[in-house]
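Below is the file run_5.cif, which contains mmCIF, C-alpha atoms.
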```
data_structure
#
loop_
_atom_site.label_atom_id
_atom_site.label_comp_id
_atom_site.auth_asym_id
_atom_site.auth_seq_id
_atom_site.Cartn_x
_atom_site.Cartn_y
_atom_site.Cartn_z
CA MET A 792 98.07 103.28 86.85
CA SER A 793 97.73 106.17 84.40
CA GLU A 794 97.03 109.72 85.44
CA VAL A 795 93.55 111.23 85.06
CA LYS A 796 93.14 114.69 83.58
CA ILE A 797 90.80 116.94 85.55
CA SER A 798 89.98 120.63 85.37
CA ALA A 799 89.98 122.96 88.38
CA GLU A 800 89.21 126.56 89.10
CA PRO A 801 90.79 128.90 91.65
CA ARG A 802 88.82 129.22 94.88
CA THR A 803 88.39 132.70 96.32
CA GLU A 804 85.82 131.99 99.04
CA PHE A 805 87.00 130.42 102.28
CA GLY A 806 85.48 129.33 105.57
CA LYS A 807 82.46 127.07 106.12
CA GLY A 808 80.08 129.29 104.15
CA GLY A 809 82.36 129.44 101.12
CA ALA A 810 82.94 125.67 101.26
CA ARG A 811 79.20 124.98 101.37
CA ARG A 812 78.58 127.20 98.36
CA THR A 813 81.39 125.45 96.48
CA ARG A 814 79.86 122.04 97.19
CA ARG A 815 76.37 123.20 96.21
CA ALA A 816 77.85 124.17 92.83
CA GLY A 817 78.92 120.54 92.30
CA LEU A 818 82.55 121.19 93.20
CA VAL A 819 84.87 119.96 95.96
CA PRO A 820 87.11 122.41 97.88
CA ALA A 821 90.76 121.39 97.65
CA VAL A 822 94.25 122.67 98.39
CA LEU A 823 97.26 121.91 96.18
CA TYR A 824 100.73 122.08 97.76
CA GLY A 825 104.25 120.65 97.76
CA HIS A 826 107.72 121.04 96.22
CA GLY A 827 108.13 124.40 97.93
CA GLU A 828 105.27 126.01 96.04
CA ALA A 829 102.73 128.25 97.74
CA PRO A 830 99.46 126.40 98.49
CA GLN A 831 96.77 126.90 95.84
CA HIS A 832 93.13 126.81 96.90
CA ILE A 833 91.11 125.24 94.11
CA ALA A 834 87.75 123.56 93.40
CA LEU A 835 87.44 120.25 91.55
CA PRO A 836 84.36 118.81 89.77
CA ALA A 837 82.90 116.44 92.36
CA ARG A 838 81.53 113.77 89.99
CA GLU A 839 84.70 113.52 87.91
CA PHE A 840 86.89 113.28 91.00
CA ALA A 841 84.66 110.63 92.60
CA ALA A 842 84.59 108.55 89.39
CA ALA A 843 88.39 108.64 89.14
CA ILE A 844 88.83 107.54 92.76
CA ARG A 845 86.32 104.71 92.34
CA LYS A 846 88.23 103.42 89.34
CA GLY A 847 91.84 104.11 90.30
CA GLY A 848 91.73 104.06 94.12
CA LEU A 849 93.06 106.54 96.64
CA ASN A 850 96.50 106.62 94.99
CA GLN A 851 95.13 107.89 91.69
CA ILE A 852 97.44 110.50 90.12
CA PHE A 853 95.73 113.54 88.61
CA THR A 854 96.87 115.96 85.94
CA ILE A 855 95.18 119.13 87.16
CA ASP A 856 94.51 121.90 84.67
CA ILE A 857 93.81 125.03 86.72
CA VAL A 858 92.04 127.88 84.96
CA GLY A 859 94.54 130.71 84.47
CA ASN A 860 97.66 128.54 84.92
CA ALA A 861 100.01 128.10 81.98
CA ALA A 862 100.82 124.45 82.72
CA ALA A 863 99.01 121.50 84.26
CA THR A 864 100.14 120.06 87.61
CA LEU A 865 100.59 116.43 88.61
CA ALA A 866 99.16 115.67 92.06
CA LEU A 867 98.25 112.81 94.40
CA PRO A 868 95.38 112.91 96.94
CA LYS A 869 97.08 113.05 100.33
CA ALA A 870 94.04 113.48 102.58
CA ILE A 871 90.36 113.17 101.74
CA GLN A 872 87.54 114.27 104.01
CA ARG A 873 84.17 112.63 103.37
CA ASP A 874 80.68 113.08 104.75
CA PRO A 875 79.81 109.58 106.04
CA ILE A 876 76.06 110.22 105.88
CA LYS A 877 75.81 111.86 102.45
CA ASP A 878 78.80 109.86 101.12
CA THR A 879 80.19 112.99 99.48
CA TYR A 880 83.63 114.57 99.42
CA GLU A 881 84.05 117.53 101.78
CA HIS A 882 87.68 118.56 101.17
CA ILE A 883 90.80 117.22 99.46
CA ASP A 884 94.50 117.81 100.12
CA LEU A 885 96.54 117.28 96.94
CA LEU A 886 100.31 116.76 96.99
CA ILE A 887 102.26 117.96 93.97
CA VAL A 888 104.45 115.23 92.43
CA LYS A 889 106.99 115.29 89.62
CA LYS A 890 107.66 112.86 86.79
CA GLY A 891 110.42 110.45 87.80
CA GLU A 892 109.98 111.21 91.50
CA LYS A 893 109.69 108.35 94.00
CA ILE A 894 107.08 108.72 96.72
CA GLN A 895 105.80 106.70 99.65
CA VAL A 896 102.18 105.53 99.55
CA ASP A 897 99.97 102.95 101.26
CA VAL A 898 98.85 100.29 98.79
CA PRO A 899 96.04 97.74 99.35
CA VAL A 900 97.14 94.15 100.00
CA SER A 901 95.34 91.31 98.20
CA LEU A 902 95.68 87.81 99.69
CA THR A 903 95.34 85.05 97.10
CA GLY A 904 95.11 81.26 97.22
CA GLU A 905 93.76 78.95 99.93
CA ALA A 906 95.30 78.36 103.33
CA ALA A 907 95.26 74.86 104.86
CA LYS A 908 91.91 73.38 105.89
CA ASN A 909 90.33 74.40 109.19
CA THR A 910 92.07 77.77 109.36
CA LEU A 911 90.86 81.34 109.63
CA ILE A 912 92.63 84.44 108.31
CA THR A 913 92.93 87.46 110.61
CA HIS A 914 93.96 90.65 108.81
CA GLU A 915 96.33 92.78 110.84
CA PHE A 916 96.79 95.37 108.07
CA THR A 917 94.96 95.71 104.74
CA THR A 918 97.54 98.08 103.24
CA VAL A 919 101.32 98.26 103.14
CA ALA A 920 103.63 101.26 102.79
CA VAL A 921 105.84 101.14 99.69
CA ILE A 922 108.09 103.48 97.73
CA ALA A 923 107.44 103.71 94.01
CA ASP A 924 107.60 106.01 90.99
CA ALA A 925 104.88 108.62 91.31
CA LEU A 926 103.59 107.82 87.82
CA ASN A 927 103.76 104.04 88.23
CA LEU A 928 102.01 103.33 91.51
CA PRO A 929 100.55 99.81 91.93
CA SER A 930 96.80 99.63 92.56
CA GLU A 931 97.34 96.61 94.83
CA ILE A 932 100.04 94.09 95.79
CA GLU A 933 99.45 90.35 96.18
CA ALA A 934 100.66 87.77 98.68
CA SER A 935 99.83 84.06 98.60
CA LEU A 936 98.06 82.15 101.36
CA GLU A 937 98.39 78.85 99.49
CA GLY A 938 98.95 75.94 101.87
CA LYS A 939 99.77 78.07 104.91
CA GLU A 940 99.12 76.21 108.16
CA ALA A 941 97.60 77.45 111.42
CA GLY A 942 100.17 79.42 113.40
CA SER A 943 101.86 80.93 110.35
CA THR A 944 101.74 84.52 109.14
CA VAL A 945 101.78 86.63 106.00
CA THR A 946 104.46 89.30 106.18
CA ALA A 947 105.51 92.19 103.98
CA GLY A 948 108.37 90.00 102.79
CA ASP A 949 105.82 87.61 101.26
CA LEU A 950 104.46 90.28 98.90
CA LYS A 951 105.09 90.01 95.17
CA LEU A 952 106.49 93.47 94.59
CA PRO A 953 106.21 94.88 91.04
CA GLU A 954 109.41 95.99 89.37
CA GLY A 955 110.62 99.33 90.72
CA VAL A 956 108.59 99.07 93.94
CA GLU A 957 110.27 98.65 97.33
CA LEU A 958 108.98 98.18 100.85
CA ALA A 959 108.85 101.14 103.23
CA VAL A 960 108.43 98.73 106.17
CA GLU A 961 110.50 95.84 107.50
CA ALA A 962 110.14 92.51 105.71
CA ASP A 963 108.89 90.86 108.93
CA HIS A 964 106.02 93.36 109.25
CA VAL A 965 102.98 91.10 109.82
CA LEU A 966 99.99 91.66 107.54
CA ALA A 967 97.84 88.65 108.47
CA TYR A 968 97.74 85.69 110.85
CA ILE A 969 96.60 82.17 109.96
CA ASN A 970 94.72 80.77 112.96
CA ALA A 971 93.14 77.41 113.71
CA ALA A 972 89.39 77.52 113.12
CA GLN A 973 87.16 77.27 116.19
CA SER A 974 84.98 74.19 116.57
CA THR A 975 81.51 74.74 115.14
CA THR A 976 79.71 72.41 117.56
CA THR A 977 76.91 74.05 119.48
CA ALA A 978 76.43 74.06 123.23
CA ALA A 979 73.52 71.62 122.84
CA GLU A 980 75.69 69.23 120.83
CA ASP A 981 78.42 69.47 123.48
CA GLU A 982 75.85 68.71 126.22
CA ALA A 983 74.46 65.76 124.28
CA ALA A 984 77.93 64.38 123.72
CA ALA A 985 78.69 64.73 127.43
CA GLY A 986 75.45 62.92 128.28
CA GLU A 987 76.25 60.06 125.92
CA SER A 988 79.69 59.74 127.47
CA ALA A 989 78.21 59.60 130.94
CA GLU A 990 75.69 56.91 129.91
CA ALA A 991 78.47 54.86 128.31
CA SER A 992 80.52 55.10 131.50
CA ALA A 993 77.54 54.02 133.61
CA ALA A 994 76.81 51.07 131.33
CA ALA A 995 80.43 49.97 131.50
CA ALA A 996 80.35 50.15 135.29
CA GLU A 997 77.35 47.78 135.39
#
```

Is it possible to give me this structure as structure tokens?
Amino acid sequence: MSEVKISAEPRTEFGKGGARRTRRAGLVPAVLYGHGEAPQHIALPAREFAAAIRKGGLNQIFTIDIVGNAAATLALPKAIQRDPIKDTYEHIDLLIVKKGEKIQVDVPVSLTGEAAKNTLITHEFTTVAVIADALNLPSEIEASLEGKEAGSTVTAGDLKLPEGVELAVEADHVLAYINAAQSTTTAAEDEAAAGESAEASAAAAE
């Protein structure tokens, strides 16, 4: 995953009123912190940020060019607040990262292949915590369901980890269960079958 360049401007207004005015201007309030540096309150272009997250996911690395700063800053979204009704970003916490640094992130898990017939997959977790280079974070990690029988599981140890990526959880950490599928017969079908059985028993008794 490559980093996305994005511009930002210092934010001087704080509180709910200041945040609302920032959002009305098409910007998202954010705070940039980490590596012992003083927190910087900034505003990011809402559309550009949203487009980058849609394409790269929540672990998208940004190169942030802040107006007035001599150098750009690498950062990772650490917490994102969204308005569930308007589907807009309310506030973003950005963690400063450095080239060559290893960080822990939650990465989506993708289950591939087909489990055995008459099974259902129950997802226990849809992400897994891993440690990876800040500038080489995987967008997702795969594990195979192929041929797995009812009663088996998919664990973190089953994941196909990319080179340079290591688990931040135990290998036996369960991600999904493979269960036997429930019978699809209806109550009416069950009643009819019971009736037929009773008739057959009666006929045999005669």

Proximity check range 859-898 of chain A to range 820-838 of chain A, 7 Å, nearest pairs one decimal Å, all atoms listed in the file, as JSON lines:
```
{"residue": "A:Glu881", "atom": "CA", "partner": "A:Pro820", "partner_atom": "CA", "distance": 7.0}
{"residue": "A:His882", "atom": "CA", "partner": "A:Pro820", "partner_atom": "CA", "distance": 5.1}
{"residue": "A:Ile883", "atom": "CA", "partner": "A:Ala821", "partner_atom": "CA", "distance": 4.5}
{"residue": "A:Asp884", "atom": "CA", "partner": "A:Val822", "partner_atom": "CA", "distance": 5.2}
{"residue": "A:Leu885", "atom": "CA", "partner": "A:Leu823", "partner_atom": "CA", "distance": 4.7}
{"residue": "A:Leu886", "atom": "CA", "partner": "A:Tyr824", "partner_atom": "CA", "distance": 5.4}
{"residue": "A:Ile887", "atom": "CA", "partner": "A:Gly825", "partner_atom": "CA", "distance": 5.1}
```

For the selection you just gave me, I'd like the residues written to a file as a compact mmCIF listing (two decimals), in the frame of the given file, keeping C-alpha atoms.
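Writing the result to again_11.txt gives the following:
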```txt
# COMPACT_ATOMS: atom_id res chain seq x y z
CA GLU A 881 84.05 117.53 101.78
CA HIS A 882 87.68 118.56 101.17
CA ILE A 883 90.80 117.22 99.46
CA ASP A 884 94.50 117.81 100.12
CA LEU A 885 96.54 117.28 96.94
CA LEU A 886 100.31 116.76 96.99
CA ILE A 887 102.26 117.96 93.97
```

Apply the PyMOL selection byres ((chain A and resi 910-926) around 8) to the structure shown and report the selected residues as a ChimeraX atom specification. /A:792-794,852,888-901,906-909,927-928,940-941,947,955-960,965-972

Name the closest residue to Arg814 in chain A among the candidates A:Asp874, A:Tyr880, A:Gly942, A:Leu865; distances are taken between atoms, counting all atoms listed in the file.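 Using all atoms listed in the file, the shortest distance to Arg814 in chain A belongs to A:Tyr880.
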
Size and centre in Å, one decimal, axis-aligned box, all listed range 816-832 of chain A atoms plus 3 Å per side, as lines of an AutoDock Vina configuration file:
```
center_x = 93.0
center_y = 124.1
center_z = 95.4
size_x = 36.3
size_y = 14.3
size_z = 12.2
```

Just the number, please: distance in Å from CA of Val858 in chain A to CA of Thr803 in chain A, one decimal. 12.9 Å

Selection: 10 Å around Asp949 in chain A, all atoms listed in the file, excl. self and same-chain fewer than 6 positions, as a PyMOL selection string: chain A and resi 933-936+962-966

I'd like the interatomic distance between CA of Ala843 in chain A and CA of Pro868 in chain A, to a tenth of an Å.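 CA of Pro868 in chain A lies at a distance of 11.3 Å from CA of Ala843 in chain A.
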
Please compute the CA of Ile871 in chain A-CA of Pro929 in chain A distance, one decimal, in Å.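 These atoms are spaced 19.5 Å apart.
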
Given all atoms listed in the file as the basis, pick out the residue of A:Asp856, A:Gln872, A:Lys846, A:Leu902 nearest to Leu950 in chain A. A:Leu902

Which is closest to Pro953 in chain A among A:Ala870, A:Ile797, A:Ile876, A:Ile932, if we use only C-alpha atoms?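 Once distances to Pro953 in chain A are computed over only C-alpha atoms, the minimum belongs to A:Ile932.
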
Which polymer residues, protein or nucleic acid, are no farther than 8 Å from (98.3, 116.0, 82.2), counting only C-alpha atoms, as a compact mmCIF listing (two decimals) with C-alpha atoms, in the coordinates of the input?
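Printed below is result-v3.txt as written:
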```txt
# COMPACT_ATOMS: atom_id res chain seq x y z
CA GLU A 794 97.03 109.72 85.44
CA VAL A 795 93.55 111.23 85.06
CA LYS A 796 93.14 114.69 83.58
CA PHE A 853 95.73 113.54 88.61
CA THR A 854 96.87 115.96 85.94
CA ILE A 855 95.18 119.13 87.16
CA ASP A 856 94.51 121.90 84.67
CA ALA A 863 99.01 121.50 84.26
CA THR A 864 100.14 120.06 87.61
CA LEU A 865 100.59 116.43 88.61
```

Using only C-alpha atoms, which of the listed residues (A:Ala862, A:Val945, A:Leu952, A:Leu867) sits closest to Thr903 in chain A?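 With only C-alpha atoms as the atom set, the closest residue is A:Val945.
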